[in-house]
file coords.cif (mmCIF, C-alpha atoms)
data_data
#
loop_
_atom_site.label_atom_id
_atom_site.label_comp_id
_atom_site.auth_asym_id
_atom_site.auth_seq_id
_atom_site.Cartn_x
_atom_site.Cartn_y
_atom_site.Cartn_z
CA MET A 1 0.00 0.00 0.00
CA LYS A 2 2.85 2.35 0.95
CA GLN A 3 4.62 1.60 -2.33
CA LEU A 4 1.42 2.24 -4.28
CA ALA A 5 1.02 5.61 -2.55
CA ALA A 6 4.66 6.46 -3.27
CA PHE A 7 4.15 5.47 -6.92
CA GLY A 8 1.07 7.68 -7.15
CA ARG A 9 2.90 10.57 -5.46
CA PHE A 10 5.80 10.23 -7.91
CA TRP A 11 3.49 10.54 -10.93
CA TRP A 12 1.53 13.40 -9.34
CA ASP A 13 4.80 15.29 -8.73
CA PHE A 14 6.08 14.40 -12.19
CA VAL A 15 3.02 15.50 -14.15
CA ILE A 16 1.25 18.04 -11.94
CA GLY A 17 4.26 19.54 -10.15
CA ASP A 18 4.25 22.17 -7.43
CA ASP A 19 0.94 23.82 -8.23
CA TRP A 20 -2.11 21.86 -9.35
CA VAL A 21 -3.80 25.12 -10.42
CA ALA A 22 -1.61 25.23 -13.55
CA ALA A 23 -2.71 21.77 -14.67
CA ALA A 24 -6.37 22.51 -13.84
CA GLY A 25 -6.16 25.81 -15.76
CA VAL A 26 -4.68 24.09 -18.81
CA LEU A 27 -7.44 21.48 -18.71
CA ALA A 28 -10.15 24.15 -18.43
CA GLY A 29 -8.60 26.13 -21.31
CA LEU A 30 -8.55 23.03 -23.50
CA VAL A 31 -12.17 22.14 -22.71
CA VAL A 32 -13.29 25.64 -23.77
CA THR A 33 -11.05 25.46 -26.88
CA ALA A 34 -12.69 22.16 -27.85
CA LEU A 35 -16.18 23.60 -27.27
CA VAL A 36 -15.72 26.74 -29.38
CA ALA A 37 -13.03 25.30 -31.71
CA ALA A 38 -11.14 28.60 -31.65
CA TRP A 39 -7.38 29.19 -31.48
CA TRP A 40 -7.64 32.43 -29.50
CA VAL A 41 -8.90 30.80 -26.28
CA LEU A 42 -5.77 29.00 -25.11
CA PRO A 43 -3.02 31.69 -25.34
CA PRO A 44 -4.74 34.18 -22.98
CA ALA A 45 -5.87 31.32 -20.73
CA VAL A 46 -2.27 30.08 -20.40
CA ALA A 47 -1.04 33.64 -19.81
CA LEU A 48 -3.56 34.07 -16.99
CA VAL A 49 -2.76 30.67 -15.49
CA LEU A 50 0.98 31.43 -15.46
CA ALA A 51 0.45 34.81 -13.82
CA PHE A 52 -1.97 33.35 -11.27
CA THR A 53 0.29 30.46 -10.28
CA LEU A 54 3.23 32.88 -9.92
CA VAL A 55 1.22 35.19 -7.67
CA ARG A 56 0.29 32.17 -5.54
CA ALA A 57 3.94 31.15 -5.31
CA THR A 58 5.12 34.64 -4.32
CA ARG A 59 2.47 34.83 -1.59
CA GLN A 60 3.71 31.54 -0.16
CA ALA A 61 7.36 32.68 -0.34
CA MET B 62 12.33 26.15 -38.36
CA SER B 63 10.26 23.68 -36.31
CA ALA B 64 12.98 21.04 -36.74
CA ALA B 65 15.61 23.45 -35.43
CA LEU B 66 13.43 24.33 -32.44
CA LEU B 67 12.79 20.63 -31.83
CA VAL B 68 16.50 19.79 -31.71
CA LEU B 69 17.28 22.88 -29.62
CA SER B 70 14.52 22.10 -27.10
CA ALA B 71 15.62 18.47 -26.72
CA PHE B 72 19.26 19.59 -26.44
CA LEU B 73 18.61 22.23 -23.76
CA ALA B 74 16.23 20.08 -21.72
CA SER B 75 18.70 17.18 -21.78
CA ALA B 76 21.66 19.39 -20.94
CA VAL B 77 19.94 20.87 -17.87
CA GLU B 78 18.81 17.50 -16.54
CA MET B 79 22.15 15.86 -17.27
CA VAL B 80 24.08 18.60 -15.42
CA GLU B 81 21.95 17.75 -12.36
CA ALA B 82 22.45 13.99 -12.85
CA LEU B 83 26.21 14.51 -13.27
CA THR B 84 26.43 16.22 -9.86
CA ILE B 85 24.87 13.17 -8.20
CA VAL B 86 26.98 10.64 -10.15
CA LEU B 87 30.19 12.52 -9.30
CA ALA B 88 29.29 12.65 -5.60
CA ALA B 89 28.55 8.91 -5.61
CA GLY B 90 31.69 8.07 -7.59
CA LEU B 91 34.09 10.12 -5.49
CA THR B 92 32.80 8.88 -2.14
CA ARG B 93 31.49 5.34 -2.79
CA GLY B 94 33.73 4.21 -5.67
CA TRP B 95 33.41 4.58 -9.42
CA ARG B 96 32.47 0.94 -10.05
CA SER B 97 29.22 1.19 -8.09
CA SER B 98 28.44 4.66 -9.37
CA LEU B 99 29.02 3.83 -13.05
CA SER B 100 27.08 0.55 -12.66
CA GLY B 101 24.17 2.68 -11.42
CA VAL B 102 24.52 4.93 -14.50
CA ALA B 103 24.55 1.88 -16.81
CA ALA B 104 21.50 0.31 -15.13
CA ALA B 105 19.57 3.59 -15.32
CA THR B 106 20.49 3.99 -19.00
CA VAL B 107 19.15 0.49 -19.72
CA ALA B 108 15.94 1.23 -17.74
CA LEU B 109 15.45 4.48 -19.70
CA ALA B 110 16.08 2.65 -22.97
CA VAL B 111 13.35 0.15 -22.02
CA VAL B 112 10.90 3.00 -21.29
CA VAL B 113 11.71 4.65 -24.63
CA ALA B 114 11.53 1.35 -26.54
CA ALA B 115 8.14 0.54 -25.00
CA LEU B 116 6.60 4.00 -25.33
CA GLY B 117 8.11 5.16 -28.63
CA PRO B 118 6.41 2.68 -31.00
CA ALA B 119 3.14 2.96 -29.02
CA LEU B 120 3.03 6.71 -29.65
CA THR B 121 3.45 6.30 -33.39
CA VAL B 122 0.17 4.35 -33.73
CA VAL B 123 -1.97 6.98 -31.96
CA PRO B 124 -3.92 9.24 -34.41
CA LEU B 125 -2.10 12.57 -34.82
CA ASP B 126 -4.93 14.80 -33.54
CA ASP B 127 -5.39 12.73 -30.36
CA LEU B 128 -1.64 12.62 -29.91
CA ARG B 129 -1.34 16.38 -30.30
CA LEU B 130 -4.10 16.99 -27.75
CA VAL B 131 -2.69 14.70 -25.05
CA VAL B 132 0.99 15.38 -25.74
CA GLY B 133 0.38 19.10 -26.20
CA ALA B 134 -1.46 19.27 -22.87
CA LEU B 135 1.36 17.37 -21.15
CA LEU B 136 4.04 19.57 -22.70
CA LEU B 137 2.07 22.64 -21.71
CA VAL B 138 1.84 21.50 -18.08
CA PHE B 139 5.57 20.62 -18.07
CA GLY B 140 6.41 23.91 -19.77
CA LEU B 141 4.45 25.93 -17.22
CA GLN B 142 6.26 24.09 -14.39
CA TRP B 143 9.68 24.91 -15.89
CA LEU B 144 8.69 28.48 -16.70
CA ARG B 145 7.20 29.08 -13.25
CA LYS B 146 10.40 27.96 -11.50
CA ALA B 147 12.64 29.88 -13.91
CA ILE B 148 10.61 33.10 -13.49
CA LEU B 149 10.61 32.74 -9.68
CA ARG B 150 14.40 32.26 -9.76
CA ALA B 151 14.99 35.12 -12.20
CA SER B 152 12.90 37.49 -10.08
CA GLY B 153 14.58 36.56 -6.79
CA PHE B 154 11.66 34.72 -5.18
CA LYS B 155 13.48 31.39 -5.38
CA ALA B 156 17.19 30.75 -4.87
CA LEU B 157 19.18 30.01 -8.01
CA HIS B 158 20.13 26.37 -8.50
CA ASP B 159 23.59 26.01 -6.96
CA GLU B 160 25.36 22.88 -8.26
CA ASP B 161 28.34 23.43 -5.94
CA ALA B 162 26.10 23.50 -2.86
CA ILE B 163 24.15 20.45 -4.01
CA PHE B 164 27.42 18.63 -4.73
CA ALA B 165 28.74 19.43 -1.23
CA ARG B 166 25.50 18.18 0.35
CA GLU B 167 25.49 14.96 -1.70
CA LEU B 168 29.16 14.36 -0.80
CA ARG B 169 28.41 14.82 2.92
CA GLU B 170 25.47 12.43 2.82
CA ALA B 171 27.33 9.83 0.75
CA GLU B 172 30.36 9.91 3.06
CA THR B 173 28.32 9.22 6.17
CA ALA B 174 25.93 6.59 4.74
CA PRO B 175 26.60 3.03 5.99
CA ARG B 176 28.32 0.59 3.63
CA GLU B 177 26.27 -2.37 2.38
CA GLU B 178 27.53 -4.70 -0.35
CA ARG B 179 25.11 -6.30 -2.82
CA ALA B 180 26.22 -8.20 -5.92
CA GLY B 181 29.74 -6.96 -5.25
CA LEU B 182 28.65 -3.31 -5.42
CA ASP B 183 28.33 -0.62 -2.82
CA TRP B 184 24.53 -0.42 -2.74
CA TYR B 185 24.29 3.23 -1.65
CA GLY B 186 26.57 4.39 -4.48
CA PHE B 187 24.73 2.25 -7.01
CA THR B 188 21.21 3.38 -6.03
CA LEU B 189 22.26 7.03 -5.68
CA SER B 190 23.61 7.08 -9.24
CA PHE B 191 20.72 5.00 -10.57
CA LYS B 192 18.06 7.28 -9.08
CA GLY B 193 19.88 10.43 -10.18
CA VAL B 194 20.22 9.37 -13.79
CA PHE B 195 16.84 7.63 -14.08
CA LEU B 196 14.74 10.38 -12.52
CA GLU B 197 16.51 13.23 -14.33
CA GLY B 198 16.51 11.19 -17.53
CA LEU B 199 12.83 10.28 -17.37
CA GLU B 200 11.72 13.83 -18.04
CA VAL B 201 14.17 14.06 -20.95
CA ALA B 202 12.85 10.75 -22.35
CA PHE B 203 9.30 12.10 -22.05
CA ILE B 204 10.18 15.36 -23.79
CA VAL B 205 12.10 13.61 -26.57
CA LEU B 206 9.32 11.08 -27.19
CA THR B 207 6.41 13.49 -27.03
CA PHE B 208 8.13 16.28 -28.93
CA GLY B 209 9.54 13.89 -31.50
CA SER B 210 6.36 11.93 -32.12
CA THR B 211 4.16 15.02 -32.45
CA GLN B 212 6.63 16.62 -34.81
CA GLY B 213 6.98 13.33 -36.66
CA SER B 214 10.67 12.87 -35.92
CA ILE B 215 11.73 11.04 -32.76
CA PRO B 216 15.28 10.49 -34.18
CA LEU B 217 15.77 14.25 -34.59
CA ALA B 218 14.72 14.91 -30.99
CA ALA B 219 16.90 12.00 -29.83
CA LEU B 220 19.82 13.55 -31.72
CA GLY B 221 19.45 16.79 -29.77
CA ALA B 222 19.27 14.89 -26.47
CA ALA B 223 22.23 12.64 -27.35
CA GLY B 224 24.34 15.68 -28.27
CA ALA B 225 23.67 17.20 -24.85
CA ILE B 226 24.40 13.94 -23.01
CA VAL B 227 27.74 13.50 -24.81
CA LEU B 228 28.69 17.13 -24.18
CA VAL B 229 27.79 17.12 -20.46
CA ALA B 230 29.32 13.67 -19.82
CA GLY B 231 32.50 14.73 -21.64
CA ALA B 232 32.75 17.99 -19.73
CA GLY B 233 32.07 16.18 -16.44
CA ALA B 234 34.68 13.51 -17.13
CA ALA B 235 37.24 16.18 -18.00
CA ALA B 236 36.50 18.43 -15.03
CA ARG B 237 35.72 15.75 -12.41
CA ALA B 238 33.65 18.47 -10.76
CA PRO B 239 30.04 19.67 -11.01
CA LEU B 240 29.39 22.00 -13.92
CA ALA B 241 28.51 24.96 -11.74
CA ARG B 242 29.12 27.57 -14.45
CA VAL B 243 26.40 26.30 -16.77
CA PRO B 244 23.71 29.01 -16.91
CA GLU B 245 21.06 26.57 -15.71
CA ASN B 246 18.27 29.04 -15.07
CA THR B 247 18.62 30.66 -18.48
CA MET B 248 18.49 27.22 -20.08
CA LYS B 249 15.46 26.23 -17.98
CA PHE B 250 13.80 29.49 -18.99
CA ALA B 251 14.40 28.70 -22.66
CA VAL B 252 13.10 25.13 -22.31
CA GLY B 253 10.02 26.35 -20.42
CA ILE B 254 9.30 28.86 -23.18
CA MET B 255 9.62 26.26 -25.93
CA LEU B 256 7.60 23.57 -24.16
CA THR B 257 4.86 26.10 -23.42
CA THR B 258 4.88 27.37 -27.01
CA PHE B 259 4.63 23.93 -28.61
CA GLY B 260 2.19 22.82 -25.91
CA VAL B 261 -0.17 25.72 -26.67
CA PHE B 262 0.09 25.17 -30.42
CA TRP B 263 -0.39 21.41 -30.49
CA SER B 264 -2.98 21.04 -27.75
CA ALA B 265 -5.18 23.76 -29.30
CA GLU B 266 -4.87 22.04 -32.68
CA GLY B 267 -5.64 18.68 -31.11
CA ALA B 268 -8.71 20.21 -29.45
CA GLY B 269 -10.05 21.23 -32.88
CA ALA B 270 -8.76 24.79 -33.31
CA HIS B 271 -7.13 25.98 -36.54
CA TRP B 272 -4.28 28.46 -36.26
CA PRO B 273 -4.21 31.37 -38.70
CA GLY B 274 -1.20 30.89 -40.97
CA GLY B 275 -0.81 27.20 -40.08
CA ASP B 276 2.57 26.15 -38.66
CA ALA B 277 3.89 29.72 -38.97
CA ALA B 278 1.64 30.62 -36.03
CA ILE B 279 4.18 28.85 -33.77
CA LEU B 280 6.42 31.91 -34.16
CA GLY B 281 3.61 34.19 -33.02
CA VAL B 282 2.92 31.99 -30.00
CA LEU B 283 6.67 31.88 -29.24
CA ALA B 284 6.92 35.68 -29.36
CA GLY B 285 3.87 36.01 -27.10
CA VAL B 286 5.23 33.52 -24.53
CA ILE B 287 8.63 35.25 -24.46
CA LEU B 288 7.14 38.74 -24.06
CA TRP B 289 4.70 37.65 -21.35
CA SER B 290 7.41 35.77 -19.42
CA VAL B 291 9.85 38.68 -19.55
CA LEU B 292 7.09 41.06 -18.42
CA LEU B 293 6.28 38.77 -15.49
CA VAL B 294 9.98 38.66 -14.50
CA VAL B 295 10.15 42.47 -14.56
CA LEU B 296 6.95 42.85 -12.51
CA LEU B 297 7.96 40.20 -9.98
CA ARG B 298 11.48 41.64 -9.62
CA ARG B 299 9.91 44.98 -8.76
CA ARG B 300 7.59 43.30 -6.26
CA HIS B 301 10.50 41.37 -4.74
CA GLY B 302 12.47 44.60 -4.42
CA GLU B 303 9.56 46.28 -2.62
CA LEU B 304 9.23 43.32 -0.23
CA VAL B 305 12.97 43.34 0.55
CA VAL B 306 12.92 47.09 1.22
CA ALA B 307 9.80 46.80 3.40
#
call {"tool": "encode", "arguments": {"input": "coords.cif", "output": "structure tokens"}}
result
Amino acid sequence: MKQLAAFGRFWWDFVIGDDWVAAAGVLAGLVVTALVAAWWVLPPAVALVLAFTLVRATRQA
Amino acid sequence: MSAALLVLSAFLASAVEMVEALTIVLAAGLTRGWRSSLSGVAAATVALAVVVAALGPALTVVPLDDLRLVVGALLLVFGLQWLRKAILRASGFKALHDEDAIFARELREAETAPREERAGLDWYGFTLSFKGVFLEGLEVAFIVLTFGSTQGSIPLAALGAAGAIVLVAGAGAAARAPLARVPENTMKFAVGIMLTTFGVFWSAEGAGAHWPGGDAAILGVLAGVILWSVLLVVLLRRRHGELVVA
């Protein structure tokens, strides 16, 4: 059980990283992109996500 | 243009990760013996080769649009992680990666760890090197495979990665010291920018969007990511300065 948890934690750290908000934001941006099939959704969404996750990190620092 | 960016991205990502792996391998080799340390490197290389051999062909049979969506999303998440750390370091909110300090810490820990022999090898030295190379190499393998398969050229991406590995290993063997002068944060910044750029482009395409100008739109996305990242560094530096003064 411990090894399974460690395995899961490794993949979480590997894919999601320090801030899950970035991954969630990317997912949300892609869902909207798929719904409206427009290229202009993702770039501003990613820009906002990056700024937001940085603000969160600086508040924790 | 895309091919050049592909090779450059794979090269930079591999170089950064291999500099970190080299620090660990050197610490293990100098304190626990080169035989155990280099055996760990060889075992990790074989393990990585197995991962690549298993995943590489599997990726080539996935339809391109699905591949671009999943791989693009993954690259985008990876890219944002790299970019976030690089921006925090560049703006002073996070300490710069110090290979000399990490090397000293690894040396201290390796010197004091108890000796246990398994299969004629010092187990601590073997596992330390194995973990260092495998974990740092896994991300490189992921980037090479995903980048290469989406761009339709895994060998080209592998070439970039191999070039970096040869260069870092050669420099490490010659210096017998961690490569502390490598501008790691600048390289991480560049990799973050490229992963984010390709991630945005491919994942949006995979999700059904069509970019104006086709592949040439990558350059527009690249310019946007660079400008936004630099702006964020400038703003955060100012904020960090205000916090330090206060």
call {"tool": "interface_residues", "arguments": {"input": "coords.cif", "of": "chain B", "to": "chain A", "cutoff": "8 Å", "atoms": "all atoms listed in the file", "output": "list in words"}}
result
Ala134, Leu135, Leu137, Val138, Phe139, Leu141, Gln142, Arg145, Leu149, Phe154, Val261, Ser264, Ala265, Glu266, Ala268, Gly269, Ala270, His271, Trp272, Val282, Val286, Trp289 and Leu293 of chain B
call {"tool": "atom_distance", "arguments": {"input": "coords.cif", "atom1": "CA of Ile85 (chain B)", "atom2": "CA of Ser190 (chain B)"}}
result
6.3 Å
call {"tool": "resolve_selection", "arguments": {"input": "coords.cif", "expression": "the PyMOL selection byres ((chain B and resi 99) around 10)", "output": "list in words"}}
result
Val86, Leu87, Ala89, Gly90, Gly94, Trp95, Arg96, Ser97, Ser98, Ser100, Gly101, Val102, Ala103, Ala104, Ala105, Gly186, Phe187, Ser190 and Phe191 of chain B
call {"tool": "closest_residue", "arguments": {"input": "coords.cif", "among": "A:Met1, A:Val21, A:Ala6, A:Asp13", "to": "Arg56 (chain A)", "atoms": "all atoms listed in the file"}}
result
A:Val21
call {"tool": "atom_distance", "arguments": {"input": "coords.cif", "atom1": "CA of Asp127 (chain B)", "atom2": "CA of Leu67 (chain B)"}}
result
19.9 Å
call {"tool": "atom_distance", "arguments": {"input": "coords.cif", "atom1": "CA of Val194 (chain B)", "atom2": "CA of Ala108 (chain B)"}}
result
10.0 Å
call {"tool": "closest_residue", "arguments": {"input": "coords.cif", "among": "B:Leu128, B:Tyr185, B:Ala151, B:Leu220", "to": "Thr173 (chain B)", "atoms": "all atoms listed in the file"}}
result
B:Tyr185
call {"tool": "residues_near_point", "arguments": {"input": "coords.cif", "point": "(23.7, 27.1, -16.1)", "cutoff": "12 Å", "atoms": "all atoms listed in the file", "output": "number ranges by chain"}}
result
B: 73-74, 76-81, 147, 157-161, 229, 239-251
call {"tool": "resolve_selection", "arguments": {"input": "coords.cif", "expression": "the PyMOL selection byres ((chain B and resi 175) around 12)", "output": "PyMOL selection string"}}
result
chain B and resi 92-93+170-174+176-178+183-186
call {"tool": "decode", "arguments": {"input": "coords.cif", "residues": "region 226-291 of chain B", "atoms": "C-alpha atoms", "output": "PDB file, in the first residue's frame"}}
result
ATOM      1  CA  ILE B 226      24.404  13.942 -23.008  1.00  0.00           C
ATOM      2  CA  VAL B 227      27.741  13.498 -24.811  1.00  0.00           C
ATOM      3  CA  LEU B 228      28.691  17.135 -24.176  1.00  0.00           C
ATOM      4  CA  VAL B 229      27.786  17.122 -20.457  1.00  0.00           C
ATOM      5  CA  ALA B 230      29.316  13.672 -19.823  1.00  0.00           C
ATOM      6  CA  GLY B 231      32.501  14.731 -21.642  1.00  0.00           C
ATOM      7  CA  ALA B 232      32.750  17.993 -19.726  1.00  0.00           C
ATOM      8  CA  GLY B 233      32.068  16.182 -16.439  1.00  0.00           C
ATOM      9  CA  ALA B 234      34.683  13.506 -17.133  1.00  0.00           C
ATOM     10  CA  ALA B 235      37.236  16.177 -17.996  1.00  0.00           C
ATOM     11  CA  ALA B 236      36.497  18.431 -15.032  1.00  0.00           C
ATOM     12  CA  ARG B 237      35.725  15.746 -12.410  1.00  0.00           C
ATOM     13  CA  ALA B 238      33.651  18.472 -10.764  1.00  0.00           C
ATOM     14  CA  PRO B 239      30.039  19.674 -11.011  1.00  0.00           C
ATOM     15  CA  LEU B 240      29.386  22.003 -13.924  1.00  0.00           C
ATOM     16  CA  ALA B 241      28.510  24.964 -11.743  1.00  0.00           C
ATOM     17  CA  ARG B 242      29.124  27.569 -14.445  1.00  0.00           C
ATOM     18  CA  VAL B 243      26.405  26.304 -16.770  1.00  0.00           C
ATOM     19  CA  PRO B 244      23.706  29.010 -16.909  1.00  0.00           C
ATOM     20  CA  GLU B 245      21.061  26.574 -15.712  1.00  0.00           C
ATOM     21  CA  ASN B 246      18.267  29.036 -15.066  1.00  0.00           C
ATOM     22  CA  THR B 247      18.622  30.658 -18.478  1.00  0.00           C
ATOM     23  CA  MET B 248      18.485  27.217 -20.076  1.00  0.00           C
ATOM     24  CA  LYS B 249      15.463  26.232 -17.980  1.00  0.00           C
ATOM     25  CA  PHE B 250      13.802  29.494 -18.988  1.00  0.00           C
ATOM     26  CA  ALA B 251      14.402  28.697 -22.658  1.00  0.00           C
ATOM     27  CA  VAL B 252      13.103  25.135 -22.313  1.00  0.00           C
ATOM     28  CA  GLY B 253      10.023  26.347 -20.422  1.00  0.00           C
ATOM     29  CA  ILE B 254       9.297  28.857 -23.180  1.00  0.00           C
ATOM     30  CA  MET B 255       9.623  26.262 -25.926  1.00  0.00           C
ATOM     31  CA  LEU B 256       7.604  23.568 -24.163  1.00  0.00           C
ATOM     32  CA  THR B 257       4.859  26.096 -23.424  1.00  0.00           C
ATOM     33  CA  THR B 258       4.877  27.367 -27.007  1.00  0.00           C
ATOM     34  CA  PHE B 259       4.630  23.926 -28.608  1.00  0.00           C
ATOM     35  CA  GLY B 260       2.186  22.816 -25.907  1.00  0.00           C
ATOM     36  CA  VAL B 261      -0.173  25.716 -26.670  1.00  0.00           C
ATOM     37  CA  PHE B 262       0.093  25.174 -30.417  1.00  0.00           C
ATOM     38  CA  TRP B 263      -0.385  21.410 -30.492  1.00  0.00           C
ATOM     39  CA  SER B 264      -2.977  21.041 -27.751  1.00  0.00           C
ATOM     40  CA  ALA B 265      -5.183  23.756 -29.302  1.00  0.00           C
ATOM     41  CA  GLU B 266      -4.869  22.043 -32.676  1.00  0.00           C
ATOM     42  CA  GLY B 267      -5.638  18.678 -31.106  1.00  0.00           C
ATOM     43  CA  ALA B 268      -8.713  20.206 -29.455  1.00  0.00           C
ATOM     44  CA  GLY B 269     -10.051  21.232 -32.876  1.00  0.00           C
ATOM     45  CA  ALA B 270      -8.764  24.793 -33.305  1.00  0.00           C
ATOM     46  CA  HIS B 271      -7.132  25.979 -36.538  1.00  0.00           C
ATOM     47  CA  TRP B 272      -4.277  28.459 -36.262  1.00  0.00           C
ATOM     48  CA  PRO B 273      -4.214  31.372 -38.705  1.00  0.00           C
ATOM     49  CA  GLY B 274      -1.195  30.888 -40.967  1.00  0.00           C
ATOM     50  CA  GLY B 275      -0.814  27.200 -40.083  1.00  0.00           C
ATOM     51  CA  ASP B 276       2.568  26.154 -38.658  1.00  0.00           C
ATOM     52  CA  ALA B 277       3.891  29.725 -38.968  1.00  0.00           C
ATOM     53  CA  ALA B 278       1.641  30.624 -36.028  1.00  0.00           C
ATOM     54  CA  ILE B 279       4.177  28.854 -33.770  1.00  0.00           C
ATOM     55  CA  LEU B 280       6.422  31.909 -34.157  1.00  0.00           C
ATOM     56  CA  GLY B 281       3.612  34.193 -33.023  1.00  0.00           C
ATOM     57  CA  VAL B 282       2.922  31.991 -29.998  1.00  0.00           C
ATOM     58  CA  LEU B 283       6.665  31.882 -29.243  1.00  0.00           C
ATOM     59  CA  ALA B 284       6.915  35.679 -29.362  1.00  0.00           C
ATOM     60  CA  GLY B 285       3.868  36.011 -27.095  1.00  0.00           C
ATOM     61  CA  VAL B 286       5.228  33.521 -24.534  1.00  0.00           C
ATOM     62  CA  ILE B 287       8.633  35.251 -24.461  1.00  0.00           C
ATOM     63  CA  LEU B 288       7.141  38.738 -24.059  1.00  0.00           C
ATOM     64  CA  TRP B 289       4.702  37.654 -21.347  1.00  0.00           C
ATOM     65  CA  SER B 290       7.408  35.767 -19.421  1.00  0.00           C
ATOM     66  CA  VAL B 291       9.851  38.681 -19.547  1.00  0.00           C
TER      67      VAL B 291
END
